[in-house]
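Below: the structure, in structure tokens.
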Amino acid sequence: MSVRSFPERRDEPGKKVLLIPVVLLAAGALLMWAHPILSTGFIGAVIALTGVMSIFLVGMVYADLWVSHRRTKQMIQERRASMKDEEPDTSEEYDPFLDELEDDEM
């Protein structure tokens, strides 16, 4: 059984997710700018404020993914280094297939 940090990924997180707040802010600003023609000022303000709020949320999620990627990479390197140093256990006093709870007397 191996221990991995959450989420289980080995590749770096994509940077496309960082464009979500920028797109929301731009779309909201565009709708607010077009308010005199299309009467979209209120929905533009709501979309722009959603973009502002998502800056923090997307930033936190991206930071979490980035840190977990670095931690997973570090754990893999540590595990590989310890596997090279470690020799397999060939002592006969430990038998992994022996059931110690099983009664021999029946």
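By order of appearance in the structure tokens: chains A, B, ..., then residues from 1 within every chain, and ligands from 1 in the order shown.
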
Q: Write out as a ChimeraX atom specification which residues come within 10 Å of segment 37-46 of chain A when counting only C-alpha atoms, dropping same-chain ones fewer than 5 positions away.
A: /A:24-32,51-52

Could you write out the selected residues, including all heavy atoms, as a PDB file, in the first residue's frame?
```pdb
ATOM      1  N   LEU A  24     -14.290  35.951 -16.917  1.00  0.00           N
ATOM      2  CA  LEU A  24     -15.480  36.476 -16.251  1.00  0.00           C
ATOM      3  C   LEU A  24     -15.413  37.990 -16.091  1.00  0.00           C
ATOM      4  O   LEU A  24     -16.415  38.694 -16.316  1.00  0.00           O
ATOM      5  CB  LEU A  24     -15.666  35.807 -14.886  1.00  0.00           C
ATOM      6  CG  LEU A  24     -16.157  34.364 -14.907  1.00  0.00           C
ATOM      7  CD1 LEU A  24     -16.120  33.784 -13.507  1.00  0.00           C
ATOM      8  CD2 LEU A  24     -17.560  34.293 -15.467  1.00  0.00           C
ATOM      9  N   LEU A  25     -14.266  38.499 -15.702  1.00  0.00           N
ATOM     10  CA  LEU A  25     -14.121  39.951 -15.563  1.00  0.00           C
ATOM     11  C   LEU A  25     -14.283  40.663 -16.904  1.00  0.00           C
ATOM     12  O   LEU A  25     -14.948  41.699 -16.990  1.00  0.00           O
ATOM     13  CB  LEU A  25     -12.754  40.287 -14.956  1.00  0.00           C
ATOM     14  CG  LEU A  25     -12.614  40.051 -13.462  1.00  0.00           C
ATOM     15  CD1 LEU A  25     -11.161  40.171 -13.043  1.00  0.00           C
ATOM     16  CD2 LEU A  25     -13.465  41.041 -12.705  1.00  0.00           C
ATOM     17  N   ALA A  26     -13.688  40.114 -17.945  1.00  0.00           N
ATOM     18  CA  ALA A  26     -13.795  40.731 -19.271  1.00  0.00           C
ATOM     19  C   ALA A  26     -15.233  40.687 -19.790  1.00  0.00           C
ATOM     20  O   ALA A  26     -15.729  41.681 -20.338  1.00  0.00           O
ATOM     21  CB  ALA A  26     -12.851  40.031 -20.246  1.00  0.00           C
ATOM     22  N   ALA A  27     -15.904  39.557 -19.592  1.00  0.00           N
ATOM     23  CA  ALA A  27     -17.290  39.445 -20.057  1.00  0.00           C
ATOM     24  C   ALA A  27     -18.198  40.405 -19.287  1.00  0.00           C
ATOM     25  O   ALA A  27     -19.079  41.055 -19.872  1.00  0.00           O
ATOM     26  CB  ALA A  27     -17.784  38.009 -19.904  1.00  0.00           C
ATOM     27  N   GLY A  28     -17.996  40.509 -17.978  1.00  0.00           N
ATOM     28  CA  GLY A  28     -18.793  41.444 -17.185  1.00  0.00           C
ATOM     29  C   GLY A  28     -18.552  42.890 -17.575  1.00  0.00           C
ATOM     30  O   GLY A  28     -19.493  43.689 -17.668  1.00  0.00           O
ATOM     31  N   ALA A  29     -17.280  43.223 -17.811  1.00  0.00           N
ATOM     32  CA  ALA A  29     -16.970  44.596 -18.232  1.00  0.00           C
ATOM     33  C   ALA A  29     -17.571  44.893 -19.602  1.00  0.00           C
ATOM     34  O   ALA A  29     -18.079  46.002 -19.840  1.00  0.00           O
ATOM     35  CB  ALA A  29     -15.462  44.791 -18.250  1.00  0.00           C
ATOM     36  N   LEU A  30     -17.521  43.922 -20.495  1.00  0.00           N
ATOM     37  CA  LEU A  30     -18.105  44.115 -21.826  1.00  0.00           C
ATOM     38  C   LEU A  30     -19.619  44.312 -21.733  1.00  0.00           C
ATOM     39  O   LEU A  30     -20.175  45.197 -22.408  1.00  0.00           O
ATOM     40  CB  LEU A  30     -17.787  42.918 -22.720  1.00  0.00           C
ATOM     41  CG  LEU A  30     -18.319  42.990 -24.148  1.00  0.00           C
ATOM     42  CD1 LEU A  30     -17.567  44.074 -24.918  1.00  0.00           C
ATOM     43  CD2 LEU A  30     -18.185  41.659 -24.837  1.00  0.00           C
ATOM     44  N   LEU A  31     -20.281  43.532 -20.901  1.00  0.00           N
ATOM     45  CA  LEU A  31     -21.731  43.691 -20.754  1.00  0.00           C
ATOM     46  C   LEU A  31     -22.089  45.018 -20.091  1.00  0.00           C
ATOM     47  O   LEU A  31     -23.114  45.633 -20.431  1.00  0.00           O
ATOM     48  CB  LEU A  31     -22.318  42.519 -19.964  1.00  0.00           C
ATOM     49  CG  LEU A  31     -22.381  41.180 -20.707  1.00  0.00           C
ATOM     50  CD1 LEU A  31     -22.835  40.080 -19.768  1.00  0.00           C
ATOM     51  CD2 LEU A  31     -23.322  41.280 -21.896  1.00  0.00           C
ATOM     52  N   MET A  32     -21.275  45.460 -19.148  1.00  0.00           N
ATOM     53  CA  MET A  32     -21.544  46.757 -18.523  1.00  0.00           C
ATOM     54  C   MET A  32     -21.285  47.903 -19.508  1.00  0.00           C
ATOM     55  O   MET A  32     -21.978  48.927 -19.490  1.00  0.00           O
ATOM     56  CB  MET A  32     -20.692  46.925 -17.260  1.00  0.00           C
ATOM     57  CG  MET A  32     -21.197  46.074 -16.116  1.00  0.00           C
ATOM     58  SD  MET A  32     -20.209  46.179 -14.629  1.00  0.00           S
ATOM     59  CE  MET A  32     -20.161  47.893 -14.300  1.00  0.00           C
ATOM     60  N   GLY A  51     -16.377  37.103 -11.243  1.00  0.00           N
ATOM     61  CA  GLY A  51     -14.969  36.994 -11.634  1.00  0.00           C
ATOM     62  C   GLY A  51     -14.033  37.411 -10.517  1.00  0.00           C
ATOM     63  O   GLY A  51     -13.007  36.773 -10.281  1.00  0.00           O
ATOM     64  N   VAL A  52     -14.400  38.471  -9.804  1.00  0.00           N
ATOM     65  CA  VAL A  52     -13.565  38.920  -8.679  1.00  0.00           C
ATOM     66  C   VAL A  52     -13.531  37.859  -7.587  1.00  0.00           C
ATOM     67  O   VAL A  52     -12.468  37.556  -7.027  1.00  0.00           O
ATOM     68  CB  VAL A  52     -14.093  40.270  -8.126  1.00  0.00           C
ATOM     69  CG1 VAL A  52     -13.418  40.625  -6.822  1.00  0.00           C
ATOM     70  CG2 VAL A  52     -13.897  41.366  -9.153  1.00  0.00           C
TER      71      VAL A  52
END
```

Q: Rounded to one decimal place, report the atom CA of Tyr62 of chain A-atom CA of Glu78 of chain A distance in Å.
A: 24.3 Å

Q. By how many Å are atom CA of Trp66 of chain A and atom CA of Val22 of chain A apart?
A.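 Taking atom CA of Trp66 of chain A as the start and atom CA of Val22 of chain A as the end point, the length is 19.8 Å.
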
Q.
When you count only C-alpha atoms, which of these residues is closest to Leu19 of chain A: A:Ala34, A:Met60, A:Ile55, A:Ala48?
A.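 Residue with the minimum atom-to-atom distance to Leu19 of chain A: A:Ile55.
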
Q: Work out how far apart atom CA of Ile47 of chain A and atom CA of Gly14 of chain A are and give it in Å to one decimal.
A: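 Atom CA of Ile47 of chain A sits 23.7 Å away from atom CA of Gly14 of chain A.
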